[in-house]
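What follows is the content of entry_33.txt (compact mmCIF, C-alpha atoms and all ligand atoms).
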```txt
# COMPACT_ATOMS: atom_id res chain seq x y z
CA ALA A 27 -8.60 14.51 -10.05
CA ALA A 28 -10.30 16.70 -7.47
CA GLY A 29 -9.20 16.59 -3.85
CA ARG A 30 -5.93 15.64 -2.28
CA GLY A 31 -6.45 12.12 -1.06
CA ARG A 32 -7.46 12.36 2.58
CA VAL A 33 -8.67 8.89 3.60
CA GLU A 34 -11.04 8.56 6.51
CA PHE A 35 -12.53 5.48 8.18
CA ARG A 36 -15.57 6.18 10.37
CA ASP A 37 -16.60 3.32 12.67
CA VAL A 38 -16.00 0.78 9.95
CA SER A 39 -16.87 -2.85 10.44
CA PHE A 40 -16.55 -5.67 7.95
CA GLY A 41 -17.17 -9.39 7.83
CA TYR A 42 -16.59 -11.77 4.93
CA PRO A 43 -19.77 -13.24 3.47
CA GLY A 44 -20.68 -16.42 5.30
CA ALA A 45 -18.22 -15.82 8.16
CA GLU A 46 -19.68 -15.47 11.64
CA GLU A 47 -17.17 -13.13 13.22
CA PRO A 48 -16.52 -9.69 11.74
CA VAL A 49 -12.91 -9.27 10.63
CA LEU A 50 -12.85 -5.50 11.28
CA LYS A 51 -14.57 -3.75 14.18
CA ASP A 52 -15.03 -0.04 14.97
CA ILE A 53 -12.18 1.11 12.77
CA SER A 54 -11.77 4.90 12.83
CA PHE A 55 -8.75 6.83 11.64
CA THR A 56 -7.72 9.51 9.18
CA ALA A 57 -4.77 9.24 6.81
CA GLU A 58 -3.69 12.70 5.76
CA PRO A 59 -2.02 13.80 2.53
CA GLY A 60 1.71 14.27 2.93
CA ARG A 61 1.83 11.73 5.73
CA THR A 62 2.57 8.06 6.04
CA THR A 63 0.19 5.94 8.06
CA ALA A 64 1.52 2.48 8.91
CA ILE A 65 -0.60 -0.47 9.93
CA ILE A 66 0.95 -3.29 11.87
CA GLY A 67 -0.46 -6.34 13.53
CA SER A 68 0.01 -10.07 13.63
CA THR A 69 -0.99 -12.32 10.76
CA GLY A 70 -4.77 -12.48 10.35
CA ALA A 71 -5.30 -9.20 12.23
CA GLY A 72 -7.14 -7.72 9.23
CA LYS A 73 -4.53 -5.45 7.64
CA THR A 74 -5.08 -6.52 4.04
CA THR A 75 -8.84 -6.52 4.50
CA LEU A 76 -8.69 -2.95 5.82
CA LEU A 77 -6.68 -1.74 2.82
CA ASN A 78 -8.99 -3.53 0.40
CA LEU A 79 -11.98 -1.49 1.54
CA ILE A 80 -10.41 1.69 0.14
CA PRO A 81 -10.46 0.74 -3.59
CA ARG A 82 -13.69 -1.18 -2.88
CA LEU A 83 -12.47 -4.71 -3.42
CA TYR A 84 -15.04 -5.11 -0.66
CA ASP A 85 -17.56 -2.69 0.81
CA ALA A 86 -17.70 -1.91 4.51
CA GLY A 87 -20.53 -3.64 6.36
CA GLY A 88 -21.04 -0.72 8.74
CA GLY A 89 -19.64 2.78 8.93
CA GLN A 90 -18.03 4.69 6.11
CA VAL A 91 -14.81 4.91 4.17
CA LEU A 92 -14.33 8.38 2.69
CA ILE A 93 -11.84 10.03 0.38
CA ASP A 94 -11.73 13.81 0.72
CA GLY A 95 -15.04 13.63 2.54
CA VAL A 96 -16.84 11.61 -0.13
CA PRO A 97 -17.94 8.04 0.72
CA VAL A 98 -16.06 5.71 -1.63
CA ASP A 99 -19.31 4.04 -2.73
CA ARG A 100 -20.41 7.39 -4.14
CA LEU A 101 -17.32 7.76 -6.31
CA THR A 102 -17.36 6.34 -9.81
CA ARG A 103 -15.06 3.37 -10.41
CA GLU A 104 -13.06 5.63 -12.67
CA ALA A 105 -12.63 8.36 -10.07
CA LEU A 106 -11.70 5.77 -7.47
CA SER A 107 -9.07 4.10 -9.62
CA GLU A 108 -7.64 7.50 -10.48
CA ALA A 109 -7.41 8.44 -6.82
CA VAL A 110 -6.01 5.20 -5.39
CA ALA A 111 -3.18 2.91 -6.45
CA ALA A 112 -2.62 -0.26 -4.46
CA VAL A 113 0.41 -2.51 -4.45
CA PRO A 114 -1.08 -5.79 -3.28
CA GLN A 115 0.54 -8.20 -0.86
CA LYS A 116 0.93 -10.68 -3.69
CA PRO A 117 1.98 -8.38 -6.51
CA TYR A 118 0.72 -9.54 -9.86
CA LEU A 119 2.09 -9.08 -13.35
CA PHE A 120 0.20 -9.78 -16.56
CA SER A 121 1.54 -11.46 -19.65
CA GLY A 122 2.86 -8.75 -21.96
CA THR A 123 5.86 -6.50 -21.59
CA ILE A 124 7.35 -4.51 -18.76
CA ALA A 125 5.90 -1.36 -20.36
CA SER A 126 2.40 -2.79 -20.76
CA ASN A 127 2.46 -3.85 -17.12
CA LEU A 128 3.56 -0.40 -15.99
CA ARG A 129 0.90 1.29 -18.13
CA TYR A 130 -1.89 -0.64 -16.47
CA GLY A 131 -3.66 2.32 -14.84
CA ALA A 132 -1.47 4.83 -16.67
CA GLN A 133 -2.22 4.31 -20.36
CA GLY A 134 -0.96 7.74 -21.37
CA ALA A 135 2.41 7.50 -19.62
CA THR A 136 5.44 8.20 -21.81
CA ASP A 137 8.52 5.95 -21.78
CA GLU A 138 10.32 8.71 -19.93
CA GLU A 139 7.66 8.68 -17.22
CA LEU A 140 7.93 4.91 -16.96
CA TRP A 141 11.71 5.17 -16.50
CA GLU A 142 11.14 7.79 -13.80
CA ALA A 143 8.79 5.44 -11.97
CA LEU A 144 11.33 2.61 -12.31
CA GLU A 145 14.07 4.86 -10.97
CA ILE A 146 12.10 5.60 -7.79
CA ALA A 147 11.18 1.93 -7.45
CA GLN A 148 14.89 0.98 -7.65
CA ALA A 149 14.17 -1.11 -10.73
CA THR A 150 16.12 0.77 -13.40
CA ASP A 151 19.16 -1.50 -13.35
CA PHE A 152 17.42 -4.79 -13.82
CA VAL A 153 15.07 -3.45 -16.50
CA ARG A 154 18.05 -1.99 -18.40
CA ASP A 155 19.81 -5.34 -18.15
CA LYS A 156 16.85 -7.21 -19.62
CA ASP A 157 16.83 -7.89 -23.35
CA GLY A 158 14.41 -5.35 -24.78
CA GLY A 159 14.38 -3.07 -21.73
CA LEU A 160 10.86 -1.68 -21.36
CA ASP A 161 9.72 -4.05 -24.10
CA ALA A 162 11.11 -7.14 -22.40
CA PRO A 163 8.45 -9.84 -22.20
CA ILE A 164 6.71 -10.69 -18.94
CA SER A 165 5.06 -14.07 -18.61
CA GLN A 166 1.64 -14.56 -17.04
CA GLY A 167 1.99 -13.98 -13.30
CA GLY A 168 5.46 -12.53 -13.79
CA THR A 169 7.11 -15.89 -13.27
CA ASN A 170 10.14 -14.83 -15.32
CA VAL A 171 11.18 -12.17 -12.79
CA SER A 172 12.10 -12.62 -9.13
CA GLY A 173 9.75 -11.86 -6.25
CA GLY A 174 11.67 -8.70 -5.36
CA GLN A 175 11.66 -7.56 -9.00
CA ARG A 176 7.94 -8.25 -9.18
CA GLN A 177 7.38 -6.09 -6.09
CA ARG A 178 9.40 -3.23 -7.55
CA LEU A 179 7.59 -3.40 -10.92
CA CYS A 180 4.27 -3.24 -9.09
CA ILE A 181 5.51 -0.25 -7.09
CA ALA A 182 6.60 1.41 -10.34
CA ARG A 183 3.16 0.67 -11.80
CA ALA A 184 1.52 2.47 -8.87
CA LEU A 185 3.89 5.42 -9.27
CA ALA A 186 3.20 5.69 -13.00
CA ALA A 187 -0.51 6.06 -12.24
CA ARG A 188 0.18 9.18 -10.13
CA PRO A 189 -2.64 8.65 -7.65
CA SER A 190 -3.26 10.81 -4.59
CA VAL A 191 -3.46 7.73 -2.34
CA TYR A 192 -0.89 4.92 -2.26
CA LEU A 193 -1.55 1.62 -0.54
CA PHE A 194 1.46 -0.61 0.06
CA ASP A 195 0.63 -4.03 1.48
CA ASP A 196 3.88 -5.47 2.77
CA SER A 197 5.41 -4.19 -0.46
CA PHE A 198 9.00 -4.00 0.67
CA SER A 199 9.29 -7.41 2.28
CA ALA A 200 11.10 -9.17 -0.56
CA LEU A 201 13.72 -6.43 -0.82
CA ASP A 202 17.05 -6.51 0.95
CA VAL A 203 17.44 -3.96 3.72
CA ALA A 204 19.59 -1.57 1.65
CA THR A 205 17.23 -1.55 -1.35
CA ASP A 206 14.26 -1.14 0.97
CA ALA A 207 15.91 1.91 2.58
CA ARG A 208 16.83 3.48 -0.80
CA LEU A 209 13.35 2.89 -2.14
CA ARG A 210 11.64 4.46 0.84
CA ALA A 211 13.95 7.48 0.72
CA ALA A 212 13.14 7.92 -2.99
CA LEU A 213 9.43 7.58 -2.29
CA LYS A 214 9.62 10.20 0.42
CA ARG A 215 11.09 12.68 -2.06
CA SER A 216 8.91 11.89 -5.03
CA ILE A 217 5.47 11.39 -3.51
CA ALA A 218 5.82 13.81 -0.62
CA ASP A 219 2.31 15.24 -1.12
CA ALA A 220 0.46 11.95 -1.42
CA THR A 221 -1.38 9.97 1.23
CA VAL A 222 0.56 6.80 1.98
CA ILE A 223 -0.93 3.90 3.90
CA LEU A 224 1.39 0.98 4.32
CA VAL A 225 1.40 -2.38 5.96
CA ALA A 226 4.85 -3.51 7.02
CA GLN A 227 6.56 -6.09 9.15
CA ARG A 228 10.09 -4.69 9.11
CA VAL A 229 10.61 -2.33 12.04
CA ALA A 230 12.69 0.18 10.06
CA THR A 231 9.81 0.64 7.62
CA ILE A 232 7.40 1.42 10.43
CA THR A 233 9.47 3.65 12.70
CA GLU A 234 9.52 6.51 10.21
CA ALA A 235 5.74 6.59 9.78
CA ASP A 236 3.92 9.71 10.95
CA GLU A 237 1.27 7.58 12.60
CA ILE A 238 1.20 3.87 13.35
CA LEU A 239 -2.04 1.97 13.88
CA VAL A 240 -1.76 -1.28 15.82
CA LEU A 241 -4.36 -3.75 14.65
CA ASP A 242 -5.23 -6.74 16.79
CA ASP A 243 -8.04 -9.14 15.95
CA GLY A 244 -9.78 -6.55 13.78
CA ARG A 245 -9.56 -3.65 16.21
CA ILE A 246 -7.23 -0.70 16.50
CA VAL A 247 -5.65 -1.25 19.92
CA GLY A 248 -3.06 1.51 19.73
CA ARG A 249 -2.03 4.50 17.68
CA GLY A 250 0.84 6.94 17.73
CA THR A 251 4.45 7.27 16.74
CA HIS A 252 6.98 4.50 17.22
CA GLU A 253 8.32 6.15 20.37
CA GLN A 254 4.87 6.72 21.86
CA LEU A 255 3.77 3.15 21.16
CA LEU A 256 6.97 1.66 22.56
CA GLU A 257 6.15 3.39 25.82
CA THR A 258 2.45 2.78 25.98
CA ASN A 259 1.45 -0.27 23.96
CA GLU A 260 2.20 -3.82 24.99
CA THR A 261 0.91 -5.31 21.72
CA TYR A 262 3.20 -3.00 19.75
CA ARG A 263 6.22 -3.90 21.88
CA GLU A 264 5.55 -7.58 21.35
CA ILE A 265 5.30 -7.19 17.58
CA VAL A 266 8.36 -4.99 17.28
CA GLU A 267 10.49 -7.15 19.53
CA SER A 268 9.48 -10.44 17.93
P1 LIG A 301 -1.23 -11.18 7.02
O1 LIG A 301 -1.21 -10.68 5.62
O2 LIG A 301 -1.01 -12.65 7.10
O3 LIG A 301 -0.27 -10.46 7.92
O4 LIG A 301 -2.70 -10.96 7.65
P2 LIG A 301 -3.69 -9.71 7.51
O5 LIG A 301 -3.56 -8.88 8.75
O6 LIG A 301 -3.48 -9.03 6.22
O7 LIG A 301 -5.13 -10.40 7.58
P3 LIG A 301 -6.28 -10.46 6.46
O8 LIG A 301 -6.94 -9.14 6.35
O9 LIG A 301 -5.78 -11.08 5.21
O10 LIG A 301 -7.28 -11.49 7.13
C1 LIG A 301 -8.06 -11.15 8.27
C2 LIG A 301 -9.00 -12.30 8.59
O11 LIG A 301 -9.92 -12.46 7.51
C3 LIG A 301 -8.32 -13.65 8.76
O12 LIG A 301 -8.99 -14.34 9.79
C4 LIG A 301 -8.53 -14.31 7.43
O13 LIG A 301 -8.58 -15.72 7.59
C5 LIG A 301 -9.87 -13.77 6.98
N1 LIG A 301 -9.97 -13.67 5.51
C6 LIG A 301 -9.10 -13.05 4.67
N2 LIG A 301 -9.52 -13.13 3.40
C7 LIG A 301 -10.69 -13.81 3.44
C8 LIG A 301 -11.64 -14.21 2.42
O14 LIG A 301 -11.46 -13.94 1.24
N3 LIG A 301 -12.75 -14.90 2.86
C9 LIG A 301 -12.95 -15.20 4.16
N4 LIG A 301 -14.06 -15.87 4.52
N5 LIG A 301 -12.09 -14.84 5.15
C10 LIG A 301 -10.98 -14.15 4.79
MG MG A 302 -2.22 -9.31 4.65
```
Go ahead and express the file in the form of structure tokens.
Amino acid sequence: AAGRGRVEFRDVSFGYPGAEEPVLKDISFTAEPGRTTAIIGSTGAGKTTLLNLIPRLYDAGGGQVLIDGVPVDRLTREALSEAVAAVPQKPYLFSGTIASNLRYGAQGATDEELWEALEIAQATDFVRDKDGGLDAPISQGGTNVSGGQRQRLCIARALAARPSVYLFDDSFSALDVATDARLRAALKRSIADATVILVAQRVATITEADEILVLDDGRIVGRGTHEQLLETNETYREIVES
């Protein structure tokens, strides 16, 4: 895939069809390759909606979303799905096997590559322990694995696709603090060159981000590092201290 995965929002607004109020207003920021951009904000602030504009689950109403300078609506679906892998807030597994779930978006991946992705996602142990390993069955919706296992399999799926842009929507929330920390350290090593945009509630996940965007009622009301925002942004302090 051409380019490196620089994501840019230029004055983006968005409203759901039929809704009166726009959900996102005047959103401008750039997420650079090799950096982690974190988005925080209270429930309903528009975090998931913002992420969903990047793989075009929805199209911006005004303004532009660009990847490496190209508006996303000018990229082919194929180019877009090669460039971006999203781990949704409600991670979803299909009926099949662990391997078939991991190969969604990475058809050509070898077993070895799948194990590598599982290793980074801190999922090796539980997949090894399952009867059949990579070929262990997954039921529709992934109801035969736990919420935390589902999250890690969806993270491994994103890793197996080797995109230049990773979107993590609250993807570490079902993990215990130690697993969360190990996973993020492994991610840092293995996808150091990628663009990472993550939504997180847990303070530890946010503090290490290169840039934090504070979203409130569809607007960016603060941006900076954890230290900068603690000093300057009331909304950020309230969220972090709650
Ligand atoms: P949390 O995940 O709860 O932290 O919230 P969020 O920041 O991800 O908010 P999200 O982007 O999901 O929602 C922003 C606003 O859009 C809220 O007012 C939602 O009620 C509304 N919204 C979200 N999805 C839809 C949708 O499919 N249709 C409509 N009409 N409104 C939606
Ligand atoms: Mg959300």
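Around ligand MG 302 (chain A), the neighbouring residues within 8 Å, taking all atoms listed in the file, come to Thr69, Gly70, Gly72, Lys73, Thr74, Thr75, Gln115, Asp195, Asp196 and Val225 of chain A.
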Taking C-alpha atoms for each residue, export the selection above as a tab-separated table (two decimals), in the coordinates of the input.
```tsv
chain	number	residue	atom	x	y	z
A	69	THR	CA	-0.99	-12.32	10.76
A	70	GLY	CA	-4.77	-12.48	10.35
A	72	GLY	CA	-7.14	-7.72	9.23
A	73	LYS	CA	-4.53	-5.45	7.64
A	74	THR	CA	-5.08	-6.52	4.04
A	75	THR	CA	-8.84	-6.52	4.50
A	115	GLN	CA	0.54	-8.20	-0.86
A	195	ASP	CA	0.63	-4.03	1.48
A	196	ASP	CA	3.88	-5.47	2.77
A	225	VAL	CA	1.40	-2.38	5.96
```
Proximity to ligand LIG 301 (chain A) - best of A:Tyr84, A:Tyr42, A:Tyr262, A:Tyr192, all atoms listed in the file: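 Using all atoms listed in the file, ligand LIG 301 (chain A) sits closest to A:Tyr42.
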Given all atoms listed in the file as the counted atoms, nearest of A:Thr233, A:Val222, A:Arg208, A:Ser199 to Gly60 (chain A):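 Looking at the shortest contact to Gly60 (chain A), the residue is A:Val222.
Once only C-alpha atoms are considered, the residues situated within 10 Å of the file point (0.4, -7.7, -5.0) turn out to be Ala112, Val113, Pro114, Gln115, Lys116, Pro117, Tyr118, Leu119, Arg176, Gln177, Cys180, Ile181, Phe194, Asp195, Asp196 and Ser197 of chain A.
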Gly174 (chain A) surroundings by all atoms listed in the file, 9 Å radius, close-in-sequence under 3 positions cut, as a PyMOL selection string: chain A and resi 171+177-179+198-202
Export C-alpha atoms of the chosen residues as an mmCIF file, keeping the file's coordinate frame?
```
data_model
loop_
_atom_site.group_PDB
_atom_site.id
_atom_site.type_symbol
_atom_site.label_atom_id
_atom_site.label_comp_id
_atom_site.auth_asym_id
_atom_site.auth_seq_id
_atom_site.Cartn_x
_atom_site.Cartn_y
_atom_site.Cartn_z
ATOM 1 C CA VAL A 171 11.180 -12.170 -12.790
ATOM 2 C CA GLN A 177 7.380 -6.090 -6.090
ATOM 3 C CA ARG A 178 9.400 -3.230 -7.550
ATOM 4 C CA LEU A 179 7.590 -3.400 -10.920
ATOM 5 C CA PHE A 198 9.000 -4.000 0.670
ATOM 6 C CA SER A 199 9.290 -7.410 2.280
ATOM 7 C CA ALA A 200 11.100 -9.170 -0.560
ATOM 8 C CA LEU A 201 13.720 -6.430 -0.820
ATOM 9 C CA ASP A 202 17.050 -6.510 0.950
#
```
Length of the CA of Ser172 (chain A) to CA of Glu138 (chain A) vector [Å]: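 Distance between the two atoms: 24.0 Å.
Compared by their closest atoms to Gln133 (chain A), and using only C-alpha atoms, the residues A:Ile265, A:Leu92, A:Ala186, A:Ala105 rank with A:Ala186 nearest.
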